[in-house]
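What follows is the content of structure-v3.pdb, which has PDB, C-alpha atoms:
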```
ATOM      1  CA  MET H   1      20.348 -23.143 -12.618
ATOM      2  CA  ASN H   2      17.448 -23.277 -10.157
ATOM      3  CA  ILE H   3      14.912 -21.018  -8.466
ATOM      4  CA  ARG H   4      17.273 -20.364  -5.576
ATOM      5  CA  ASP H   5      19.922 -19.007  -7.961
ATOM      6  CA  LEU H   6      17.337 -16.698  -9.510
ATOM      7  CA  GLN H   7      16.304 -15.459  -6.079
ATOM      8  CA  TYR H   8      19.926 -14.581  -5.359
ATOM      9  CA  VAL H   9      20.196 -12.637  -8.626
ATOM     10  CA  VAL H  10      17.030 -10.667  -7.911
ATOM     11  CA  ALA H  11      18.125  -9.903  -4.353
ATOM     12  CA  VAL H  12      21.505  -8.526  -5.446
ATOM     13  CA  ALA H  13      19.882  -6.530  -8.264
ATOM     14  CA  GLU H  14      17.474  -4.955  -5.777
ATOM     15  CA  GLU H  15      19.890  -4.388  -2.891
ATOM     16  CA  ARG H  16      22.996  -3.470  -4.923
ATOM     17  CA  HIS H  17      24.943  -5.085  -2.081
ATOM     18  CA  PHE H  18      25.976  -8.713  -1.590
ATOM     19  CA  GLY H  19      25.817  -8.583   2.198
ATOM     20  CA  ARG H  20      22.279  -7.183   2.316
ATOM     21  CA  ALA H  21      21.188  -9.586  -0.431
ATOM     22  CA  ALA H  22      22.571 -12.540   1.527
ATOM     23  CA  SER H  23      20.745 -11.398   4.653
ATOM     24  CA  LYS H  24      17.526 -11.044   2.666
ATOM     25  CA  CYS H  25      17.939 -14.597   1.333
ATOM     26  CA  HIS H  26      18.937 -15.978   4.770
ATOM     27  CA  VAL H  27      22.294 -17.326   3.575
ATOM     28  CA  SER H  28      25.912 -16.370   4.186
ATOM     29  CA  GLN H  29      27.509 -13.824   1.882
ATOM     30  CA  PRO H  30      30.226 -16.246   0.649
ATOM     31  CA  ALA H  31      27.538 -18.807  -0.254
ATOM     32  CA  LEU H  32      25.499 -16.259  -2.197
ATOM     33  CA  SER H  33      28.522 -14.758  -3.936
ATOM     34  CA  GLY H  34      29.858 -18.168  -4.889
ATOM     35  CA  GLN H  35      26.535 -19.292  -6.308
ATOM     36  CA  ILE H  36      26.207 -16.160  -8.419
ATOM     37  CA  ARG H  37      29.752 -16.681  -9.729
ATOM     38  CA  LYS H  38      28.791 -20.213 -10.761
ATOM     39  CA  LEU H  39      25.664 -18.896 -12.490
ATOM     40  CA  GLU H  40      27.690 -16.273 -14.364
ATOM     41  CA  ASP H  41      30.136 -18.973 -15.470
ATOM     42  CA  PHE H  42      27.246 -21.160 -16.587
ATOM     43  CA  LEU H  43      25.605 -18.334 -18.561
ATOM     44  CA  GLY H  44      28.894 -16.963 -19.870
ATOM     45  CA  VAL H  45      28.048 -13.338 -18.989
ATOM     46  CA  ALA H  46      28.706 -10.966 -16.085
ATOM     47  CA  LEU H  47      25.490 -10.110 -14.257
ATOM     48  CA  PHE H  48      27.072  -7.623 -11.860
ATOM     49  CA  GLU H  49      29.954  -5.176 -11.897
ATOM     50  CA  ARG H  50      31.722  -5.387  -8.546
ATOM     51  CA  THR H  51      33.801  -2.581  -7.002
ATOM     52  CA  ASN H  52      35.005  -1.932  -3.475
ATOM     53  CA  ARG H  53      32.238   0.607  -2.933
ATOM     54  CA  ALA H  54      29.216  -0.653  -4.810
ATOM     55  CA  VAL H  55      27.633  -3.333  -6.948
ATOM     56  CA  GLN H  56      26.244  -2.291 -10.323
ATOM     57  CA  VAL H  57      23.916  -4.399 -12.452
ATOM     58  CA  THR H  58      25.189  -4.905 -15.989
ATOM     59  CA  PRO H  59      22.727  -4.325 -18.858
ATOM     60  CA  ILE H  60      22.412  -8.066 -19.480
ATOM     61  CA  GLY H  61      22.157  -8.581 -15.723
ATOM     62  CA  ALA H  62      19.176  -6.213 -15.582
ATOM     63  CA  GLN H  63      17.425  -8.176 -18.342
ATOM     64  CA  ILE H  64      18.069 -11.498 -16.649
ATOM     65  CA  ALA H  65      16.971 -10.154 -13.255
ATOM     66  CA  ALA H  66      13.652  -9.024 -14.793
ATOM     67  CA  GLN H  67      13.141 -12.475 -16.339
ATOM     68  CA  ALA H  68      14.098 -14.081 -13.017
ATOM     69  CA  ARG H  69      11.405 -12.087 -11.204
ATOM     70  CA  ARG H  70       8.780 -13.426 -13.603
ATOM     71  CA  LEU H  71       9.953 -16.996 -13.156
ATOM     72  CA  ILE H  72       9.965 -16.654  -9.364
ATOM     73  CA  THR H  73       6.395 -15.344  -9.513
ATOM     74  CA  VAL H  74       5.335 -18.337 -11.609
ATOM     75  CA  SER H  75       7.086 -20.661  -9.160
ATOM     76  CA  ASP H  76       5.284 -19.047  -6.232
ATOM     77  CA  GLU H  77       1.973 -19.374  -8.019
ATOM     78  CA  ILE H  78       2.578 -23.089  -8.617
ATOM     79  CA  VAL H  79       3.013 -23.487  -4.853
ATOM     80  CA  ALA H  80      -0.062 -21.326  -4.236
ATOM     81  CA  THR H  81      -2.133 -23.449  -6.623
ATOM     82  CA  ALA H  82      -1.187 -26.588  -4.726
ATOM     83  CA  GLN H  83      -1.886 -24.849  -1.419
ATOM     84  CA  ALA H  84      -5.305 -23.722  -2.614
ATOM     85  CA  ALA H  85      -6.172 -27.289  -3.601
ATOM     86  CA  LYS H  86      -5.341 -28.530  -0.111
ATOM     87  CA  ASP H  87      -6.790 -25.623   1.899
ATOM     88  CA  PRO H  88      -7.468 -22.246   0.240
ATOM     89  CA  PHE H  89      -7.497 -20.453   3.591
ATOM     90  CA  SER H  90      -4.100 -21.563   4.901
ATOM     91  CA  GLY H  91      -0.487 -20.753   4.108
ATOM     92  CA  VAL H  92       1.024 -17.292   3.696
ATOM     93  CA  PHE H  93      -0.671 -14.212   2.249
ATOM     94  CA  ARG H  94       1.438 -11.055   1.867
ATOM     95  CA  LEU H  95      -0.854  -8.032   2.011
ATOM     96  CA  GLY H  96       0.243  -4.473   1.305
ATOM     97  CA  MET H  97      -1.659  -1.380   2.439
ATOM     98  CA  ILE H  98      -1.062   2.280   1.762
ATOM     99  CA  ALA H  99      -0.141   4.343   4.811
ATOM    100  CA  THR H 100      -3.445   6.240   4.952
ATOM    101  CA  ILE H 101      -5.402   2.987   5.159
ATOM    102  CA  GLY H 102      -3.248   0.500   7.102
ATOM    103  CA  PRO H 103      -3.316   2.059  10.604
ATOM    104  CA  TYR H 104      -7.092   2.555  10.478
ATOM    105  CA  LEU H 105      -8.287  -0.580   8.688
ATOM    106  CA  SER H 106      -5.944  -3.130  10.288
ATOM    107  CA  PRO H 107      -7.394  -2.894  13.812
ATOM    108  CA  LEU H 108     -10.866  -3.499  12.393
ATOM    109  CA  ILE H 109     -10.078  -6.653  10.417
ATOM    110  CA  LEU H 110      -7.156  -8.564  11.942
ATOM    111  CA  ALA H 111      -9.023 -10.252  14.795
ATOM    112  CA  THR H 112     -11.774 -11.441  12.448
ATOM    113  CA  ILE H 113      -9.271 -12.764   9.909
ATOM    114  CA  ARG H 114      -7.505 -14.735  12.658
ATOM    115  CA  GLN H 115     -10.823 -16.092  13.904
ATOM    116  CA  GLU H 116     -12.223 -17.101  10.519
ATOM    117  CA  MET H 117      -8.942 -18.271   8.955
ATOM    118  CA  PRO H 118      -6.738 -19.458  11.843
ATOM    119  CA  ASP H 119      -4.352 -21.326   9.513
ATOM    120  CA  LEU H 120      -3.624 -18.264   7.389
ATOM    121  CA  SER H 121      -0.335 -16.479   8.057
ATOM    122  CA  LEU H 122      -0.956 -12.851   7.113
ATOM    123  CA  THR H 123       2.099 -10.652   6.490
ATOM    124  CA  LEU H 124       1.375  -6.902   6.378
ATOM    125  CA  VAL H 125       3.473  -4.422   4.393
ATOM    126  CA  GLU H 126       2.895  -0.653   4.378
ATOM    127  CA  GLY H 127       4.058   1.647   1.599
ATOM    128  CA  PHE H 128       3.224   4.063  -1.198
ATOM    129  CA  THR H 129       0.802   3.180  -3.971
ATOM    130  CA  ALA H 130       3.326   2.986  -6.815
ATOM    131  CA  ASP H 131       5.770   0.833  -4.860
ATOM    132  CA  LEU H 132       3.094  -1.558  -3.596
ATOM    133  CA  GLU H 133       1.627  -1.954  -7.072
ATOM    134  CA  GLN H 134       5.075  -2.673  -8.513
ATOM    135  CA  ARG H 135       5.838  -5.231  -5.798
ATOM    136  CA  LEU H 136       2.467  -6.897  -6.374
ATOM    137  CA  ALA H 137       3.013  -7.162 -10.127
ATOM    138  CA  GLY H 138       6.521  -8.525  -9.480
ATOM    139  CA  GLY H 139       5.251 -11.252  -7.162
ATOM    140  CA  GLU H 140       6.658  -9.885  -3.878
ATOM    141  CA  LEU H 141       3.120  -9.330  -2.552
ATOM    142  CA  ASP H 142      -0.066 -11.357  -3.010
ATOM    143  CA  GLY H 143      -2.516  -8.492  -2.634
ATOM    144  CA  VAL H 144      -2.593  -4.766  -1.880
ATOM    145  CA  ILE H 145      -5.255  -2.440  -0.551
ATOM    146  CA  LEU H 146      -5.228   0.788  -2.544
ATOM    147  CA  ALA H 147      -7.383   3.884  -2.957
ATOM    148  CA  THR H 148      -6.793   4.268  -6.704
ATOM    149  CA  ALA H 149      -7.348   1.988  -9.674
ATOM    150  CA  PRO H 150      -4.203   0.017 -10.603
ATOM    151  CA  ASP H 151      -2.308   1.114 -13.706
ATOM    152  CA  ASP H 152      -0.900  -2.324 -14.516
ATOM    153  CA  PRO H 153      -3.249  -4.312 -16.823
ATOM    154  CA  SER H 154      -2.051  -7.568 -15.242
ATOM    155  CA  LEU H 155      -3.743  -6.588 -11.975
ATOM    156  CA  ARG H 156      -7.356  -7.131 -11.013
ATOM    157  CA  GLU H 157      -9.301  -5.079  -8.443
ATOM    158  CA  THR H 158     -12.235  -5.788  -6.149
ATOM    159  CA  ALA H 159     -14.053  -2.774  -4.701
ATOM    160  CA  LEU H 160     -14.283  -2.938  -0.893
ATOM    161  CA  TYR H 161     -15.934   0.252   0.315
ATOM    162  CA  ASP H 162     -16.556   3.891  -0.565
ATOM    163  CA  GLU H 163     -14.835   6.135   1.981
ATOM    164  CA  PRO H 164     -15.887   9.799   2.219
ATOM    165  CA  PHE H 165     -13.464  12.522   3.273
ATOM    166  CA  TRP H 166     -14.131  14.656   6.360
ATOM    167  CA  VAL H 167     -12.826  18.168   6.972
ATOM    168  CA  ALA H 168     -10.345  18.347   9.861
ATOM    169  CA  LEU H 169     -10.151  21.641  11.783
ATOM    170  CA  GLY H 170      -8.603  22.885  14.999
ATOM    171  CA  GLU H 171     -11.160  23.006  17.821
ATOM    172  CA  GLY H 172     -11.033  26.807  17.901
ATOM    173  CA  HIS H 173     -11.514  27.274  14.158
ATOM    174  CA  ALA H 174     -14.333  29.561  13.044
ATOM    175  CA  LEU H 175     -15.918  26.779  10.957
ATOM    176  CA  ALA H 176     -15.840  24.229  13.792
ATOM    177  CA  ALA H 177     -19.336  25.205  14.963
ATOM    178  CA  GLN H 178     -20.892  24.055  11.669
ATOM    179  CA  GLU H 179     -22.256  20.515  11.361
ATOM    180  CA  SER H 180     -21.040  20.229   7.770
ATOM    181  CA  ILE H 181     -18.724  22.323   5.642
ATOM    182  CA  GLU H 182     -18.733  23.180   1.951
ATOM    183  CA  LEU H 183     -15.394  22.889   0.185
ATOM    184  CA  GLU H 184     -15.809  26.450  -1.100
ATOM    185  CA  ALA H 185     -15.576  27.643   2.504
ATOM    186  CA  LEU H 186     -11.973  26.411   2.589
ATOM    187  CA  ALA H 187     -10.842  28.602  -0.322
ATOM    188  CA  GLN H 188      -8.957  31.029   1.911
ATOM    189  CA  GLU H 189      -7.614  28.410   4.296
ATOM    190  CA  ALA H 190      -4.102  26.969   4.400
ATOM    191  CA  LEU H 191      -4.636  23.438   3.094
ATOM    192  CA  LEU H 192      -2.196  20.957   4.641
ATOM    193  CA  LEU H 193      -1.158  18.040   2.423
ATOM    194  CA  LEU H 194       0.862  14.870   2.784
ATOM    195  CA  ALA H 195       4.128  14.520   0.868
ATOM    196  CA  ASP H 196       4.414  13.382  -2.745
ATOM    197  CA  GLY H 197       3.777   9.672  -3.141
ATOM    198  CA  HIS H 198       0.607   9.604  -1.046
ATOM    199  CA  CYS H 199      -2.418   9.198  -3.302
ATOM    200  CA  LEU H 200      -4.512  10.954  -0.604
ATOM    201  CA  ARG H 201      -2.434  14.079  -1.221
ATOM    202  CA  ASP H 202      -3.292  14.112  -4.922
ATOM    203  CA  GLN H 203      -6.960  13.302  -4.309
ATOM    204  CA  VAL H 204      -7.409  16.113  -1.774
ATOM    205  CA  LEU H 205      -5.481  18.641  -3.830
ATOM    206  CA  ASP H 206      -7.360  17.840  -7.044
ATOM    207  CA  LEU H 207     -10.699  17.950  -5.269
ATOM    208  CA  CYS H 208     -10.090  21.237  -3.473
ATOM    209  CA  HIS H 209      -8.530  22.922  -6.481
ATOM    210  CA  ALA H 210     -11.449  21.914  -8.716
ATOM    211  CA  SER H 211     -14.024  23.102  -6.181
ATOM    212  CA  THR H 212     -12.400  26.265  -4.850
ATOM    213  CA  GLY H 213      -9.360  27.102  -6.969
ATOM    214  CA  ILE H 214      -7.386  26.910  -3.747
ATOM    215  CA  ALA H 215      -3.733  27.710  -4.344
ATOM    216  CA  ASN H 216      -2.254  28.038  -0.842
ATOM    217  CA  ALA H 217      -1.640  24.323  -0.334
ATOM    218  CA  ASN H 218       1.160  23.453   2.059
ATOM    219  CA  THR H 219       2.927  20.121   1.652
ATOM    220  CA  ARG H 220       4.436  18.604   4.792
ATOM    221  CA  GLU H 221       6.917  15.716   4.829
ATOM    222  CA  THR H 222       4.931  13.880   7.495
ATOM    223  CA  GLY H 223       2.419  11.112   7.999
ATOM    224  CA  LEU H 224      -1.286  11.647   8.535
ATOM    225  CA  GLU H 225      -1.049  11.603  12.347
ATOM    226  CA  THR H 226       1.506  14.424  12.373
ATOM    227  CA  LEU H 227      -0.503  16.348   9.799
ATOM    228  CA  LEU H 228      -3.486  16.238  12.173
ATOM    229  CA  ALA H 229      -1.282  17.495  14.993
ATOM    230  CA  LEU H 230      -0.464  20.510  12.804
ATOM    231  CA  VAL H 231      -4.192  21.037  12.229
ATOM    232  CA  ALA H 232      -4.704  20.960  16.013
ATOM    233  CA  ALA H 233      -1.944  23.568  16.396
ATOM    234  CA  GLY H 234      -3.794  25.913  14.036
ATOM    235  CA  ASP H 235      -1.393  25.622  11.089
ATOM    236  CA  GLY H 236      -4.210  24.912   8.616
ATOM    237  CA  VAL H 237      -6.964  22.484   7.660
ATOM    238  CA  THR H 238      -7.047  19.217   5.758
ATOM    239  CA  LEU H 239      -9.340  16.432   4.577
ATOM    240  CA  VAL H 240      -9.096  12.953   6.070
ATOM    241  CA  PRO H 241     -10.652   9.564   5.207
ATOM    242  CA  ALA H 242     -13.725   8.531   7.205
ATOM    243  CA  LEU H 243     -12.001   5.643   9.004
ATOM    244  CA  THR H 244      -9.687   8.213  10.571
ATOM    245  CA  ARG H 245     -12.627   9.800  12.356
ATOM    246  CA  ALA H 246     -13.370   7.229  15.057
ATOM    247  CA  ARG H 247      -9.725   6.924  16.074
ATOM    248  CA  GLU H 248      -9.034  10.649  16.138
ATOM    249  CA  GLU H 249     -12.207  11.665  17.969
ATOM    250  CA  ARG H 250     -11.594   8.948  20.559
ATOM    251  CA  GLY H 251      -7.964   9.873  21.123
ATOM    252  CA  ARG H 252      -7.918  13.672  21.090
ATOM    253  CA  ARG H 253     -10.094  16.711  21.725
ATOM    254  CA  ASP H 254      -8.016  19.399  20.019
ATOM    255  CA  ILE H 255      -9.411  18.788  16.523
ATOM    256  CA  VAL H 256     -12.927  18.486  15.130
ATOM    257  CA  LEU H 257     -13.991  16.527  12.057
ATOM    258  CA  ARG H 258     -16.920  17.781  10.034
ATOM    259  CA  ARG H 259     -18.752  16.179   7.115
ATOM    260  CA  GLU H 260     -18.119  17.655   3.670
ATOM    261  CA  THR H 261     -21.497  18.968   2.486
ATOM    262  CA  SER H 262     -21.647  17.786  -1.133
ATOM    263  CA  GLY H 263     -20.756  14.156  -0.402
ATOM    264  CA  LYS H 264     -18.519  14.139  -3.493
ATOM    265  CA  ALA H 265     -15.255  14.113  -1.567
ATOM    266  CA  GLY H 266     -14.034  10.572  -1.058
ATOM    267  CA  ARG H 267     -12.307   7.543  -2.489
ATOM    268  CA  ILE H 268     -13.048   3.925  -3.394
ATOM    269  CA  VAL H 269     -10.860   1.490  -1.461
ATOM    270  CA  ARG H 270      -9.900  -1.644  -3.404
ATOM    271  CA  LEU H 271      -8.278  -5.014  -2.875
ATOM    272  CA  VAL H 272      -5.936  -5.575  -5.831
ATOM    273  CA  CYS H 273      -4.326  -8.871  -6.874
ATOM    274  CA  ARG H 274      -2.652 -10.272  -9.964
ATOM    275  CA  ALA H 275      -5.180 -11.597 -12.452
ATOM    276  CA  SER H 276      -3.141 -14.811 -12.564
ATOM    277  CA  PHE H 277      -3.140 -15.300  -8.773
ATOM    278  CA  PRO H 278      -4.596 -18.792  -8.227
ATOM    279  CA  ARG H 279      -6.035 -18.362  -4.722
ATOM    280  CA  ARG H 280      -9.136 -16.493  -5.818
ATOM    281  CA  GLU H 281     -11.291 -18.054  -3.141
ATOM    282  CA  LEU H 282      -9.012 -16.605  -0.461
ATOM    283  CA  VAL H 283      -9.060 -13.147  -2.057
ATOM    284  CA  ASP H 284     -12.855 -13.172  -2.158
ATOM    285  CA  ARG H 285     -12.999 -14.262   1.487
ATOM    286  CA  LEU H 286     -10.685 -11.435   2.548
ATOM    287  CA  ALA H 287     -12.788  -8.929   0.636
ATOM    288  CA  SER H 288     -15.936 -10.222   2.331
ATOM    289  CA  ILE H 289     -14.361  -9.959   5.799
ATOM    290  CA  ILE H 290     -13.206  -6.398   5.168
ATOM    291  CA  ARG H 291     -16.678  -5.323   4.023
ATOM    292  CA  THR H 292     -18.169  -6.896   7.134
ATOM    293  CA  CYS H 293     -15.733  -5.200   9.502
ATOM    294  CA  VAL H 294     -15.826  -1.616   8.237
ATOM    295  CA  PRO H 295     -18.795   0.612   9.169
ATOM    296  CA  GLU H 296     -21.874  -0.512   7.283
ATOM    297  CA  THR H 297     -22.492   2.927   5.791
ATOM    298  CA  LEU H 298     -19.266   2.761   3.760
ATOM    299  CA  VAL H 299     -20.281  -0.481   2.020
ATOM    300  CA  THR H 300     -23.876   0.684   1.554
ATOM    301  CA  ILE H 301     -22.685   3.706  -0.405
ATOM    302  CA  LEU H 302     -20.776   1.437  -2.774
ATOM    303  CA  ASN H 303     -23.842  -0.677  -3.450
TER
END
```
So that I can check it, write out the structure of this file as structure tokens.
Amino acid sequence: MNIRDLQYVVAVAEERHFGRAASKCHVSQPALSGQIRKLEDFLGVALFERTNRAVQVTPIGAQIAAQARRLITVSDEIVATAQAAKDPFSGVFRLGMIATIGPYLSPLILATIRQEMPDLSLTLVEGFTADLEQRLAGGELDGVILATAPDDPSLRETALYDEPFWVALGEGHALAAQESIELEALAQEALLLLADGHCLRDQVLDLCHASTGIANANTRETGLETLLALVAAGDGVTLVPALTRAREERGRRDIVLRRETSGKAGRIVRLVCRASFPRRELVDRLASIIRTCVPETLVTILN
């Protein structure tokens, strides 16, 4: 039994399909299937229940797959420790970002990261908070940028910047003439929200409900860009993170973004890694670059 065998087990457990698992592991399906058969013979238990339509993980298979994930993470960290000793700013770093941060932060930081750490291969992954946090804890990612504190005690966070929310309105909206807007003024408005799974949705809804008692919230199964298009069409209003502002005001003239008066609406953006991750020097360098690249006012607020 070796690390490769464990990677095969984890891949099949996650994909529930031998063909997709083989593709994920960059091997042929017969090679993967044969190796798993050998592992099952060696262990004396069936890890998977195979049918013509699907692959099911047996109860003992689920336990072994969970243990395999932990061992793979330890193996990766051994390699990372050696890499850090040779050059902490080289090798691969797999960075996840939530969808309401990635499109706005990435353009600000990628060129600087390439310039300051040319030997670092940065892989970006976008997703929902819960999924990214789970993948980080399981060793599939090396770091994630989130807007909420991690739930997993094995994870460690570094605050990056404090990002206020701005009110997004259609250009013809009655409140568009104001320089800043109080949340209470939105009480009778149709509040547009992202779908479940976006932490921004929960943050905006909780904030507006606490401030105004607003009940006419309208969830849309869209991303932030489409939500803003609905605002431009007059379907309602929403709150957006500050980094959205420069991109939206540069690219369109059919919406206006106004500061929220109280200054209480916002979120802390964090870089989260496993506490056991050995390349701490690299994590600190990434955090420093991000703080340098975002508008200075966001970092100043945090301090």
Starting from the PyMOL selection byres ((chain H and resi 235) around 10), expand the selection into actual residues of this file and give them as a ChimeraX atom specification. /H:169-170,189-192,218,227-234,236-237
Show me, as number ranges by chain, the residues that have an atom within 12 Å of H:Val74 when counting all atoms listed in the file, minus same-chain residues fewer than 3 positions from it. H: 3, 67-71, 77-81, 137-140, 274, 276-278
Under the PyMOL selection byres ((chain H and resi 153-164) around 6), which residues of this model are included? Write them out as a list in words. Asp152, Phe165, Ala242, Ala265, Gly266, Arg267, Ile268, Val269, Arg270, Leu271, Val272, Cys273, Arg274, Ala275, Arg291, Leu298, Val299 and Leu302 of chain H
Students should find that atom CA of H:Cys25 and atom CA of H:Ala66 are spaced 17.6 Å
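One finds atom CA of H:Glu182 at 15.5 Å from atom CA of H:Asp206.
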Compile the contact shell of H:Gly223 as a list in words: residues with an atom at most 8 Å away, counting only C-alpha atoms, same-chain residues fewer than 2 positions apart removed. Ala99, Leu194, Glu221, Glu225, Thr226 and Leu227 of chain H
Could you work out how far atom CA of H:Cys293 lies from atom CA of H:Thr238, giving the answer in Å with one decimal?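 Atom-to-atom, atom CA of H:Thr238 to atom CA of H:Cys293, that is 26.2 Å.
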For this structure, which residues satisfy the selection - the PyMOL selection byres ((chain H and resi 84-90) around 10) - when it is evaluated on the file as given? I want them as a list of chain:residue names. H:Ile78, H:Val79, H:Ala80, H:Thr81, H:Ala82, H:Gln83, H:Gly91, H:Val92, H:Phe93, H:Glu116, H:Met117, H:Pro118, H:Asp119, H:Leu120, H:Ser121, H:Leu122, H:Pro278, H:Arg279, H:Arg280, H:Glu281, H:Leu282, H:Val283, H:Arg285, H:Leu286
What's the 12 Å shell around H:Glu49, counting all atoms listed in the file, without same-chain residues fewer than 2 positions away, as a PyMOL selection string? chain H and resi 12-13+16-18+37+40+45-47+51-62
Produce a file of the selected residues containing C-alpha atoms, as a PDB file, keeping the file's coordinate frame.
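Here's the written file selection_36.pdb:
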```pdb
ATOM      1  CA  VAL H  12      21.505  -8.526  -5.446  1.00  0.00           C
ATOM      2  CA  ALA H  13      19.882  -6.530  -8.264  1.00  0.00           C
ATOM      3  CA  ARG H  16      22.996  -3.470  -4.923  1.00  0.00           C
ATOM      4  CA  HIS H  17      24.943  -5.085  -2.081  1.00  0.00           C
ATOM      5  CA  PHE H  18      25.976  -8.713  -1.590  1.00  0.00           C
ATOM      6  CA  ARG H  37      29.752 -16.681  -9.729  1.00  0.00           C
ATOM      7  CA  GLU H  40      27.690 -16.273 -14.364  1.00  0.00           C
ATOM      8  CA  VAL H  45      28.048 -13.338 -18.989  1.00  0.00           C
ATOM      9  CA  ALA H  46      28.706 -10.966 -16.085  1.00  0.00           C
ATOM     10  CA  LEU H  47      25.490 -10.110 -14.257  1.00  0.00           C
ATOM     11  CA  THR H  51      33.801  -2.581  -7.002  1.00  0.00           C
ATOM     12  CA  ASN H  52      35.005  -1.932  -3.475  1.00  0.00           C
ATOM     13  CA  ARG H  53      32.238   0.607  -2.933  1.00  0.00           C
ATOM     14  CA  ALA H  54      29.216  -0.653  -4.810  1.00  0.00           C
ATOM     15  CA  VAL H  55      27.633  -3.333  -6.948  1.00  0.00           C
ATOM     16  CA  GLN H  56      26.244  -2.291 -10.323  1.00  0.00           C
ATOM     17  CA  VAL H  57      23.916  -4.399 -12.452  1.00  0.00           C
ATOM     18  CA  THR H  58      25.189  -4.905 -15.989  1.00  0.00           C
ATOM     19  CA  PRO H  59      22.727  -4.325 -18.858  1.00  0.00           C
ATOM     20  CA  ILE H  60      22.412  -8.066 -19.480  1.00  0.00           C
ATOM     21  CA  GLY H  61      22.157  -8.581 -15.723  1.00  0.00           C
ATOM     22  CA  ALA H  62      19.176  -6.213 -15.582  1.00  0.00           C
TER      23      ALA H  62
END
```
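Using all atoms listed in the file, the nearest neighbour of H:Leu243 within the list H:Ile181, H:Val294, H:Leu186, H:Leu136 is H:Val294.
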